[in-house]
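So this one's entry_1.cif, mmCIF, C-alpha atoms and all ligand atoms:
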```cif
data_upload
#
loop_
_atom_site.group_PDB
_atom_site.id
_atom_site.type_symbol
_atom_site.label_atom_id
_atom_site.label_comp_id
_atom_site.auth_asym_id
_atom_site.auth_seq_id
_atom_site.Cartn_x
_atom_site.Cartn_y
_atom_site.Cartn_z
ATOM 1 C CA VAL A 220 -50.715 56.861 -39.250
ATOM 2 C CA GLY A 221 -48.843 53.892 -37.797
ATOM 3 C CA ALA A 222 -47.988 53.106 -34.202
ATOM 4 C CA PHE A 223 -45.125 55.112 -32.815
ATOM 5 C CA THR A 224 -42.830 54.440 -29.907
ATOM 6 C CA LEU A 225 -39.967 56.054 -28.012
ATOM 7 C CA VAL A 226 -37.659 54.158 -25.650
ATOM 8 C CA VAL A 227 -34.831 55.753 -23.630
ATOM 9 C CA HIS A 228 -32.167 54.390 -21.303
ATOM 10 C CA GLY A 229 -29.727 55.759 -18.759
ATOM 11 C CA GLY A 230 -27.028 53.094 -18.854
ATOM 12 C CA ALA A 231 -26.479 49.593 -17.569
ATOM 13 C CA GLY A 232 -24.714 49.541 -14.213
ATOM 14 C CA ASP A 233 -25.006 49.894 -10.487
ATOM 15 C CA HIS A 234 -26.850 53.188 -10.146
ATOM 16 C CA ARG A 235 -26.887 54.541 -6.595
ATOM 17 C CA PRO A 236 -30.175 54.586 -4.669
ATOM 18 C CA GLU A 237 -29.762 58.288 -3.854
ATOM 19 C CA THR A 238 -30.035 59.223 -7.544
ATOM 20 C CA LEU A 239 -33.307 57.333 -8.110
ATOM 21 C CA ALA A 240 -35.558 60.393 -8.083
ATOM 22 C CA ALA A 241 -33.244 62.323 -10.420
ATOM 23 C CA ARG A 242 -33.120 59.365 -12.812
ATOM 24 C CA GLU A 243 -36.866 59.014 -12.848
ATOM 25 C CA ALA A 244 -37.400 62.724 -13.457
ATOM 26 C CA ALA A 245 -34.807 62.800 -16.244
ATOM 27 C CA LEU A 246 -36.233 59.752 -18.023
ATOM 28 C CA THR A 247 -39.657 61.381 -17.851
ATOM 29 C CA ARG A 248 -38.330 64.655 -19.291
ATOM 30 C CA ALA A 249 -36.519 62.771 -22.064
ATOM 31 C CA LEU A 250 -39.672 60.854 -22.981
ATOM 32 C CA ASP A 251 -41.729 64.068 -22.914
ATOM 33 C CA ARG A 252 -39.244 65.901 -25.109
ATOM 34 C CA GLY A 253 -38.905 63.143 -27.708
ATOM 35 C CA TRP A 254 -42.617 62.405 -27.592
ATOM 36 C CA ALA A 255 -43.522 66.002 -28.411
ATOM 37 C CA ILE A 256 -41.696 65.514 -31.707
ATOM 38 C CA LEU A 257 -43.275 62.159 -32.569
ATOM 39 C CA ALA A 258 -46.755 63.332 -31.596
ATOM 40 C CA ALA A 259 -46.408 66.344 -33.905
ATOM 41 C CA GLY A 260 -45.559 64.023 -36.816
ATOM 42 C CA GLY A 261 -41.792 64.540 -36.510
ATOM 43 C CA THR A 262 -39.136 62.001 -37.312
ATOM 44 C CA ALA A 263 -37.711 59.202 -35.181
ATOM 45 C CA LEU A 264 -34.277 60.748 -35.750
ATOM 46 C CA ASP A 265 -35.298 64.095 -34.255
ATOM 47 C CA ALA A 266 -37.064 62.354 -31.369
ATOM 48 C CA CYS A 267 -33.938 60.358 -30.485
ATOM 49 C CA GLN A 268 -31.754 63.449 -30.734
ATOM 50 C CA GLU A 269 -33.938 65.551 -28.468
ATOM 51 C CA ALA A 270 -34.441 62.795 -25.888
ATOM 52 C CA ILE A 271 -30.668 62.328 -25.734
ATOM 53 C CA VAL A 272 -29.968 66.067 -25.347
ATOM 54 C CA GLU A 273 -32.205 65.979 -22.276
ATOM 55 C CA LEU A 274 -30.271 63.027 -20.825
ATOM 56 C CA GLU A 275 -26.865 64.524 -21.668
ATOM 57 C CA ASP A 276 -27.854 67.638 -19.720
ATOM 58 C CA GLU A 277 -28.741 65.547 -16.634
ATOM 59 C CA PRO A 278 -25.652 65.204 -14.430
ATOM 60 C CA VAL A 279 -26.589 61.849 -12.885
ATOM 61 C CA PHE A 280 -25.938 60.155 -16.213
ATOM 62 C CA ASP A 281 -22.518 59.468 -17.735
ATOM 63 C CA ALA A 282 -23.005 61.623 -20.830
ATOM 64 C CA GLY A 283 -22.510 65.325 -21.507
ATOM 65 C CA LEU A 284 -22.544 67.207 -18.205
ATOM 66 C CA GLY A 285 -21.506 64.882 -15.375
ATOM 67 C CA ALA A 286 -19.649 62.346 -17.519
ATOM 68 C CA HIS A 287 -17.066 60.074 -15.910
ATOM 69 C CA LEU A 288 -13.492 61.324 -15.913
ATOM 70 C CA ASN A 289 -10.753 59.423 -17.695
ATOM 71 C CA ARG A 290 -7.456 58.358 -16.120
ATOM 72 C CA ASP A 291 -6.092 61.889 -16.485
ATOM 73 C CA GLY A 292 -9.103 63.557 -14.912
ATOM 74 C CA ARG A 293 -10.588 64.770 -18.187
ATOM 75 C CA VAL A 294 -13.944 64.211 -19.816
ATOM 76 C CA GLU A 295 -13.913 62.638 -23.291
ATOM 77 C CA LEU A 296 -17.303 62.047 -24.861
ATOM 78 C CA ASP A 297 -18.537 59.609 -27.526
ATOM 79 C CA ALA A 298 -21.912 59.820 -29.290
ATOM 80 C CA ILE A 299 -23.778 58.579 -32.354
ATOM 81 C CA LEU A 300 -27.092 59.009 -34.166
ATOM 82 C CA MET A 301 -28.294 56.648 -36.899
ATOM 83 C CA ASP A 302 -31.253 56.944 -39.263
ATOM 84 C CA GLY A 303 -32.878 53.626 -40.148
ATOM 85 C CA ALA A 304 -34.521 55.026 -43.287
ATOM 86 C CA THR A 305 -31.254 55.874 -45.046
ATOM 87 C CA LEU A 306 -28.585 54.142 -42.913
ATOM 88 C CA ALA A 307 -27.023 57.595 -42.535
ATOM 89 C CA ALA A 308 -25.045 57.893 -39.313
ATOM 90 C CA GLY A 309 -22.998 60.563 -37.582
ATOM 91 C CA ALA A 310 -20.700 59.987 -34.632
ATOM 92 C CA VAL A 311 -18.013 61.620 -32.519
ATOM 93 C CA GLY A 312 -15.291 60.068 -30.383
ATOM 94 C CA ALA A 313 -13.276 61.486 -27.513
ATOM 95 C CA VAL A 314 -14.498 65.088 -27.768
ATOM 96 C CA GLU A 315 -13.726 67.354 -24.811
ATOM 97 C CA ARG A 316 -15.358 70.684 -25.611
ATOM 98 C CA ILE A 317 -18.794 69.726 -26.831
ATOM 99 C CA ARG A 318 -21.612 70.209 -24.366
ATOM 100 C CA ASN A 319 -24.076 68.073 -26.347
ATOM 101 C CA PRO A 320 -22.121 65.596 -28.466
ATOM 102 C CA ILE A 321 -25.343 64.164 -29.912
ATOM 103 C CA LEU A 322 -25.897 67.516 -31.678
ATOM 104 C CA LEU A 323 -22.447 67.319 -33.250
ATOM 105 C CA ALA A 324 -23.182 63.715 -34.280
ATOM 106 C CA ARG A 325 -26.305 65.065 -35.982
ATOM 107 C CA ARG A 326 -24.276 67.642 -37.935
ATOM 108 C CA ILE A 327 -21.887 64.946 -39.117
ATOM 109 C CA LEU A 328 -24.846 62.796 -40.164
ATOM 110 C CA ALA A 329 -26.411 65.717 -42.042
ATOM 111 C CA ASP A 330 -23.127 66.584 -43.730
ATOM 112 C CA GLY A 331 -22.955 63.012 -44.993
ATOM 113 C CA ARG A 332 -19.290 62.736 -46.000
ATOM 114 C CA HIS A 333 -18.049 60.924 -42.910
ATOM 115 C CA ILE A 334 -19.542 58.835 -40.141
ATOM 116 C CA LEU A 335 -17.101 59.095 -37.221
ATOM 117 C CA ILE A 336 -14.818 62.034 -36.406
ATOM 118 C CA ALA A 337 -12.678 62.044 -33.255
ATOM 119 C CA GLY A 338 -11.043 64.488 -30.873
ATOM 120 C CA ALA A 339 -9.715 67.858 -32.000
ATOM 121 C CA GLY A 340 -10.847 67.216 -35.576
ATOM 122 C CA ALA A 341 -14.419 66.764 -34.403
ATOM 123 C CA GLU A 342 -14.211 70.014 -32.447
ATOM 124 C CA LEU A 343 -12.928 71.745 -35.575
ATOM 125 C CA PHE A 344 -15.884 70.312 -37.513
ATOM 126 C CA ALA A 345 -18.172 71.754 -34.850
ATOM 127 C CA ILE A 346 -16.691 75.235 -35.236
ATOM 128 C CA GLU A 347 -16.846 74.999 -39.022
ATOM 129 C CA HIS A 348 -20.527 74.118 -38.722
ATOM 130 C CA GLY A 349 -21.445 76.976 -36.444
ATOM 131 C CA MET A 350 -21.444 75.202 -33.099
ATOM 132 C CA SER A 351 -19.678 76.768 -30.159
ATOM 133 C CA LEU A 352 -17.215 74.907 -27.983
ATOM 134 C CA CYS A 353 -17.471 74.787 -24.212
ATOM 135 C CA ASN A 354 -14.662 74.876 -21.695
ATOM 136 C CA PRO A 355 -13.836 71.207 -20.896
ATOM 137 C CA GLY A 356 -14.195 71.991 -17.180
ATOM 138 C CA GLU A 357 -17.847 72.958 -17.671
ATOM 139 C CA LEU A 358 -18.717 69.291 -18.137
ATOM 140 C CA ILE A 359 -17.124 68.168 -14.869
ATOM 141 C CA THR A 360 -19.379 67.952 -11.831
ATOM 142 C CA ASP A 361 -18.154 68.042 -8.222
ATOM 143 C CA SER A 362 -19.265 64.472 -7.633
ATOM 144 C CA GLU A 363 -17.367 63.130 -10.659
ATOM 145 C CA ARG A 364 -14.269 65.088 -9.604
ATOM 146 C CA ALA A 365 -14.549 63.630 -6.099
ATOM 147 C CA ARG A 366 -15.011 60.122 -7.447
ATOM 148 C CA TRP A 367 -11.905 60.562 -9.587
ATOM 149 C CA ARG A 368 -9.863 61.846 -6.631
ATOM 150 C CA GLU A 369 -10.809 58.768 -4.657
ATOM 151 C CA SER A 370 -10.046 56.772 -7.813
ATOM 152 C CA LYS A 371 -11.901 53.778 -6.538
ATOM 153 C CA ALA A 372 -12.164 51.561 -9.588
ATOM 154 C CA GLN A 373 -15.860 51.006 -9.965
ATOM 155 C CA ALA A 374 -18.126 49.917 -12.711
ATOM 156 C CA SER A 375 -19.209 52.538 -15.174
ATOM 157 C CA HIS A 376 -22.847 53.482 -15.407
ATOM 158 C CA GLY A 377 -24.961 56.117 -16.987
ATOM 159 C CA THR A 378 -24.496 56.050 -20.737
ATOM 160 C CA VAL A 379 -27.700 57.318 -22.332
ATOM 161 C CA GLY A 380 -29.578 56.248 -25.426
ATOM 162 C CA ALA A 381 -32.831 56.408 -27.316
ATOM 163 C CA VAL A 382 -34.603 54.440 -30.022
ATOM 164 C CA ALA A 383 -37.755 55.568 -31.781
ATOM 165 C CA CYS A 384 -40.292 54.569 -34.381
ATOM 166 C CA ASP A 385 -42.226 57.442 -35.951
ATOM 167 C CA ALA A 386 -45.706 57.573 -37.445
ATOM 168 C CA THR A 387 -44.338 56.797 -40.920
ATOM 169 C CA GLY A 388 -42.770 53.571 -39.634
ATOM 170 C CA SER A 389 -39.241 54.904 -39.854
ATOM 171 C CA ILE A 390 -36.859 54.118 -36.994
ATOM 172 C CA ALA A 391 -33.713 55.683 -35.521
ATOM 173 C CA ALA A 392 -31.309 55.208 -32.644
ATOM 174 C CA GLY A 393 -28.750 57.204 -30.704
ATOM 175 C CA THR A 394 -26.247 56.703 -27.896
ATOM 176 C CA SER A 395 -24.113 59.159 -25.906
ATOM 177 C CA THR A 396 -21.540 58.501 -23.196
ATOM 178 C CA GLY A 397 -18.586 59.686 -21.209
ATOM 179 C CA GLY A 398 -17.260 56.144 -21.505
ATOM 180 C CA THR A 399 -15.840 54.043 -18.726
ATOM 181 C CA PHE A 400 -14.492 55.543 -15.505
ATOM 182 C CA LEU A 401 -10.692 55.966 -15.547
ATOM 183 C CA LYS A 402 -10.439 54.942 -19.200
ATOM 184 C CA HIS A 403 -7.143 55.563 -20.991
ATOM 185 C CA PRO A 404 -6.995 58.978 -22.674
ATOM 186 C CA GLY A 405 -8.070 58.589 -26.279
ATOM 187 C CA ARG A 406 -10.001 55.402 -25.613
ATOM 188 C CA ILE A 407 -13.141 55.194 -27.710
ATOM 189 C CA GLY A 408 -15.758 52.652 -26.701
ATOM 190 C CA ASP A 409 -18.571 50.844 -28.447
ATOM 191 C CA SER A 410 -21.001 53.744 -28.185
ATOM 192 C CA PRO A 411 -20.102 55.775 -31.327
ATOM 193 C CA LEU A 412 -19.455 52.702 -33.498
ATOM 194 C CA VAL A 413 -22.092 51.679 -36.029
ATOM 195 C CA GLY A 414 -23.306 48.186 -35.139
ATOM 196 C CA CYS A 415 -21.687 48.153 -31.682
ATOM 197 C CA GLY A 416 -23.276 50.795 -29.424
ATOM 198 C CA CYS A 417 -25.969 51.743 -31.929
ATOM 199 C CA TYR A 418 -27.675 50.533 -35.076
ATOM 200 C CA ALA A 419 -30.768 51.454 -37.053
ATOM 201 C CA ASP A 420 -32.183 49.984 -40.233
ATOM 202 C CA ASN A 421 -35.834 50.192 -41.207
ATOM 203 C CA LEU A 422 -35.528 46.603 -42.466
ATOM 204 C CA SER A 423 -34.615 45.279 -39.022
ATOM 205 C CA ALA A 424 -34.512 47.381 -35.837
ATOM 206 C CA ALA A 425 -33.141 50.436 -34.059
ATOM 207 C CA VAL A 426 -30.879 49.558 -31.124
ATOM 208 C CA SER A 427 -28.948 51.451 -28.431
ATOM 209 C CA CYS A 428 -26.494 49.503 -26.261
ATOM 210 C CA THR A 429 -24.736 50.136 -22.961
ATOM 211 C CA GLY A 430 -22.305 48.250 -20.760
ATOM 212 C CA HIS A 431 -18.695 47.140 -21.059
ATOM 213 C CA GLY A 432 -17.722 48.726 -24.358
ATOM 214 C CA GLU A 433 -14.850 46.445 -25.309
ATOM 215 C CA SER A 434 -17.146 43.436 -24.856
ATOM 216 C CA ILE A 435 -20.002 45.017 -26.826
ATOM 217 C CA MET A 436 -17.538 45.596 -29.680
ATOM 218 C CA LYS A 437 -16.409 41.967 -29.639
ATOM 219 C CA VAL A 438 -19.915 40.714 -30.359
ATOM 220 C CA VAL A 439 -21.064 43.776 -32.381
ATOM 221 C CA MET A 440 -24.118 43.707 -30.170
ATOM 222 C CA ALA A 441 -26.409 46.321 -31.756
ATOM 223 C CA LYS A 442 -26.138 44.787 -35.226
ATOM 224 C CA ALA A 443 -26.459 41.297 -33.767
ATOM 225 C CA ALA A 444 -29.726 42.301 -32.100
ATOM 226 C CA ALA A 445 -31.032 43.975 -35.278
ATOM 227 C CA ASP A 446 -30.177 40.883 -37.334
ATOM 228 C CA LEU A 447 -32.194 38.743 -34.939
ATOM 229 C CA VAL A 448 -35.222 40.967 -35.597
ATOM 230 C CA ALA A 449 -34.597 40.711 -39.358
ATOM 231 C CA THR A 450 -34.680 36.925 -39.062
ATOM 232 C CA GLY A 451 -38.022 36.887 -37.293
ATOM 233 C CA HIS A 452 -37.395 37.420 -33.574
ATOM 234 C CA MET A 453 -39.676 39.765 -31.693
ATOM 235 C CA PRO A 454 -37.773 42.774 -30.285
ATOM 236 C CA GLN A 455 -37.810 41.505 -26.692
ATOM 237 C CA ALA A 456 -36.521 38.073 -27.710
ATOM 238 C CA ALA A 457 -33.851 39.690 -29.879
ATOM 239 C CA ALA A 458 -32.705 41.918 -26.990
ATOM 240 C CA ASP A 459 -32.532 38.961 -24.605
ATOM 241 C CA ARG A 460 -30.675 36.781 -27.061
ATOM 242 C CA ALA A 461 -28.121 39.398 -28.176
ATOM 243 C CA LEU A 462 -27.327 40.212 -24.557
ATOM 244 C CA GLN A 463 -26.999 36.523 -23.751
ATOM 245 C CA VAL A 464 -24.430 36.123 -26.524
ATOM 246 C CA MET A 465 -22.386 38.981 -25.101
ATOM 247 C CA THR A 466 -22.465 37.714 -21.521
ATOM 248 C CA ASP A 467 -21.755 34.111 -22.580
ATOM 249 C CA ARG A 468 -18.907 34.997 -24.920
ATOM 250 C CA THR A 469 -17.217 37.743 -22.907
ATOM 251 C CA GLY A 470 -18.293 37.264 -19.297
ATOM 252 C CA ARG A 471 -19.090 40.986 -19.074
ATOM 253 C CA ASN A 472 -22.380 42.765 -18.567
ATOM 254 C CA GLY A 473 -24.498 45.309 -20.346
ATOM 255 C CA GLY A 474 -27.899 46.156 -21.687
ATOM 256 C CA LEU A 475 -29.810 47.397 -24.708
ATOM 257 C CA ILE A 476 -33.066 48.888 -25.915
ATOM 258 C CA LEU A 477 -34.624 48.125 -29.266
ATOM 259 C CA VAL A 478 -37.610 49.054 -31.428
ATOM 260 C CA ASP A 479 -38.801 47.765 -34.799
ATOM 261 C CA ARG A 480 -40.779 49.595 -37.459
ATOM 262 C CA THR A 481 -44.099 48.344 -36.123
ATOM 263 C CA GLY A 482 -43.288 50.165 -32.881
ATOM 264 C CA ALA A 483 -42.734 46.938 -30.924
ATOM 265 C CA ALA A 484 -39.958 47.335 -28.354
ATOM 266 C CA GLY A 485 -37.614 45.324 -26.170
ATOM 267 C CA ALA A 486 -35.217 46.079 -23.320
ATOM 268 C CA ALA A 487 -32.766 43.824 -21.497
ATOM 269 C CA PHE A 488 -29.837 44.175 -19.100
ATOM 270 C CA SER A 489 -27.560 41.885 -17.114
ATOM 271 C CA THR A 490 -26.266 44.516 -14.676
ATOM 272 C CA ALA A 491 -27.909 45.376 -11.355
ATOM 273 C CA LYS A 492 -29.810 48.190 -13.042
ATOM 274 C CA MET A 493 -30.508 49.920 -16.317
ATOM 275 C CA PRO A 494 -32.858 52.866 -15.911
ATOM 276 C CA TRP A 495 -35.183 52.975 -18.906
ATOM 277 C CA GLY A 496 -38.561 54.169 -20.029
ATOM 278 C CA ILE A 497 -41.004 53.690 -22.878
ATOM 279 C CA ARG A 498 -43.947 55.590 -24.326
ATOM 280 C CA ASN A 499 -46.048 54.476 -27.272
ATOM 281 C CA SER A 500 -49.076 55.578 -29.244
ATOM 282 C CA ALA A 501 -51.169 52.795 -27.708
ATOM 283 C CA GLY A 502 -51.116 54.852 -24.500
ATOM 284 C CA LEU A 503 -48.407 52.988 -22.615
ATOM 285 C CA THR A 504 -45.935 54.946 -20.514
ATOM 286 C CA GLN A 505 -43.622 52.970 -18.290
ATOM 287 C CA ILE A 506 -40.540 54.168 -16.452
ATOM 288 C CA GLN A 507 -38.158 51.899 -14.571
ATOM 289 C CA PRO A 508 -35.623 54.226 -13.009
HETATM 290 N N1 LIG B 1 -20.596 51.326 -23.291
HETATM 291 C C1 LIG B 1 -19.967 52.480 -22.711
HETATM 292 C C2 LIG B 1 -18.500 52.479 -23.012
HETATM 293 O O1 LIG B 1 -17.882 51.439 -22.927
HETATM 294 C C3 LIG B 1 -20.139 52.577 -21.236
HETATM 295 C C4 LIG B 1 -21.508 52.245 -20.680
HETATM 296 O O2 LIG B 1 -22.446 51.984 -21.415
HETATM 297 O O3 LIG B 1 -21.633 52.252 -19.440
HETATM 298 O O4 LIG B 1 -17.953 53.519 -23.275
#
```
Would you mind writing the structure in this file as structure tokens?
Ligand code: ASP
Amino acid sequence: VGAFTLVVHGGAGDHRPETLAAREAALTRALDRGWAILAAGGTALDACQEAIVELEDEPVFDAGLGAHLNRDGRVELDAILMDGATLAAGAVGAVERIRNPILLARRILADGRHILIAGAGAELFAIEHGMSLCNPGELITDSERARWRESKAQASHGTVGAVACDATGSIAAGTSTGGTFLKHPGRIGDSPLVGCGCYADNLSAAVSCTGHGESIMKVVMAKAAADLVATGHMPQAAADRALQVMTDRTGRNGGLILVDRTGAAGAAFSTAKMPWGIRNSAGLTQIQP
């Protein structure tokens, strides 16, 4: 049995001090939930999925319940899961009635015909695959509604993600977000795009990104970081370098987490904060909320 590792994040940004305890508790729950799968010999893909469900359900993060509202006061969610063993991926963009978009991403991955399905079509896919839709209003919290009413343009924060390496040395990654605050209706960010907000390949690394989506897309940050691992960089060096390229080339900020198939991990961010946590089979647990 090889080393195994789970890393989770709660989004690059300017998280408020008053949500610190909630962030710490949620990161801990996400690590516990994903870890239970890895420790029982489960797959990195399942561990990422379950860790992300936990973070989507936590309102302080910008994913699932409590996501940022778009310009029109609606929640539109993006999510992706990618399996490094097969390069299979499933993703959704701009869905409004899915409580846990990462679970719909998983169904699309399992189905295998498509990688990214958006909007009403994705909701139809959910129904056709036995998932129930929620009322869009169920995802809107009072604090996000109040923030939208004030419409103070402020940086987005609170995308969630996970990367994992399981005991077989297979890796996976996932990312889920409500996107940027006051985004244009229909806008899809980096998060559900293979190579941008997420990437996983057993030959390189599993990566989940966060930050200014349009800038992450420009430098295809997740794939860039994975390629650095493939060419011999350690995960931490690859995370630092990929982020540096994005900040140098675009002037915008973000962050990422990364794991390779030996279970070695890296995390980097250029924003004020990026809550994240790691647990590995060497006995390390570290949470930086
Ligand atoms: N990258 C996400 C997006 O642009 C937002 C974030 O990570 O804060 O949709």
Which residue of A:Ile359, A:Leu274, A:Leu239, A:Leu323 approaches His287 in chain A most closely, using only C-alpha atoms: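 Selected residue with least distance to His287 in chain A: A:Ile359.
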Output of the PyMOL selection byres (((chain A and resi 464) around 12) and not hetatm), listed as number ranges by chain: A: 434-435, 437-441, 443-444, 447, 457-463, 465-474, 489
Å distance separating CA of Gly393 in chain A from CA of Cys267 in chain A, one decimal place: 6.1 Å
Protein and nucleic residues near ligand LIG 1 (chain B), 7 Å, only C-alpha atoms and all ligand atoms, as number ranges by chain: A: 230-232, 375-378, 396-399, 407-410, 416, 428-433
What are the centre and the three edge lengths of an axis-aligned box that wraps all atoms of range 439-445 of chain A in the file, given that 8 Å is added to every side, written as lines of an AutoDock Vina configuration file and rounded to one decimal in Å?
```
center_x = -26.0
center_y = 43.8
center_z = -32.7
size_x = 26.0
size_y = 21.0
size_z = 21.1
```
Nearest candidate to Ile336 in chain A (options A:Ala258, A:Ser362, A:Gly309, A:Ile321; using only C-alpha atoms):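 Distance minimum relative to Ile336 in chain A lands on A:Gly309.
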Result set, the PyMOL selection byres (((chain A and resi 501-506) around 9) and not hetatm) on current file, as JSON, numbers by chain: {"A": [222, 223, 224, 243, 246, 247, 250, 494, 495, 496, 497, 498, 499, 500, 507, 508]}
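Every protein or nucleic acid residue with an atom no more than 10 Å from range 385-387 of chain A, counting only C-alpha atoms and leaving out same-chain residues fewer than 3 positions away, appears here: Val220, Gly221, Ala222, Phe223, Thr224, Leu225, Trp254, Ile256, Leu257, Ala258, Ala259, Gly260, Gly261, Thr262, Ala263, Leu264, Asp265, Ala266, Ile390, Ala391, Arg480, Thr481, Gly482, Asn499 and Ser500 of chain A.
CA of Met301 in chain A is positioned 10.6 Å from CA of Ala381 in chain A.
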Place all heavy atoms on range 278-285 of chain A and deliver the coordinates as a compact mmCIF listing (two decimals), in the coordinates of the input.
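Wrote it out as selection_33.txt, contents follow:
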```txt
# COMPACT_ATOMS: atom_id res chain seq x y z
N PRO A 278 -26.95 65.62 -14.97
CA PRO A 278 -25.65 65.20 -14.43
C PRO A 278 -25.60 63.80 -13.84
O PRO A 278 -24.51 63.23 -13.73
CB PRO A 278 -25.34 66.26 -13.35
CG PRO A 278 -26.50 67.16 -13.26
CD PRO A 278 -27.46 66.87 -14.37
N VAL A 279 -26.71 63.20 -13.47
CA VAL A 279 -26.59 61.85 -12.88
C VAL A 279 -26.19 60.81 -13.92
O VAL A 279 -25.77 59.71 -13.56
CB VAL A 279 -27.85 61.34 -12.14
CG1 VAL A 279 -28.23 62.25 -11.00
CG2 VAL A 279 -29.01 61.08 -13.06
N PHE A 280 -26.32 61.13 -15.20
CA PHE A 280 -25.94 60.16 -16.21
C PHE A 280 -24.54 60.45 -16.74
O PHE A 280 -24.08 61.59 -16.75
CB PHE A 280 -26.94 60.16 -17.37
CG PHE A 280 -28.32 59.71 -16.96
CD1 PHE A 280 -29.42 60.51 -17.20
CD2 PHE A 280 -28.51 58.49 -16.33
CE1 PHE A 280 -30.70 60.09 -16.83
CE2 PHE A 280 -29.77 58.07 -15.95
CZ PHE A 280 -30.87 58.88 -16.20
N ASP A 281 -23.89 59.39 -17.23
CA ASP A 281 -22.52 59.47 -17.74
C ASP A 281 -22.52 59.88 -19.21
O ASP A 281 -22.16 59.10 -20.09
CB ASP A 281 -21.87 58.08 -17.54
CG ASP A 281 -20.49 58.00 -18.16
OD1 ASP A 281 -19.82 59.04 -18.26
OD2 ASP A 281 -20.09 56.89 -18.56
N ALA A 282 -22.97 61.09 -19.46
CA ALA A 282 -23.00 61.62 -20.83
C ALA A 282 -23.12 63.13 -20.70
O ALA A 282 -23.78 63.62 -19.79
CB ALA A 282 -24.21 61.08 -21.59
N GLY A 283 -22.46 63.87 -21.60
CA GLY A 283 -22.51 65.32 -21.51
C GLY A 283 -22.08 65.78 -20.12
O GLY A 283 -21.08 65.31 -19.56
N LEU A 284 -22.84 66.72 -19.55
CA LEU A 284 -22.54 67.21 -18.20
C LEU A 284 -22.58 66.05 -17.19
O LEU A 284 -23.54 65.28 -17.16
CB LEU A 284 -23.60 68.25 -17.83
CG LEU A 284 -23.52 68.81 -16.41
CD1 LEU A 284 -22.25 69.63 -16.21
CD2 LEU A 284 -24.76 69.65 -16.11
N GLY A 285 -21.53 65.93 -16.40
CA GLY A 285 -21.51 64.88 -15.38
C GLY A 285 -20.92 63.57 -15.85
O GLY A 285 -21.04 62.54 -15.17
```
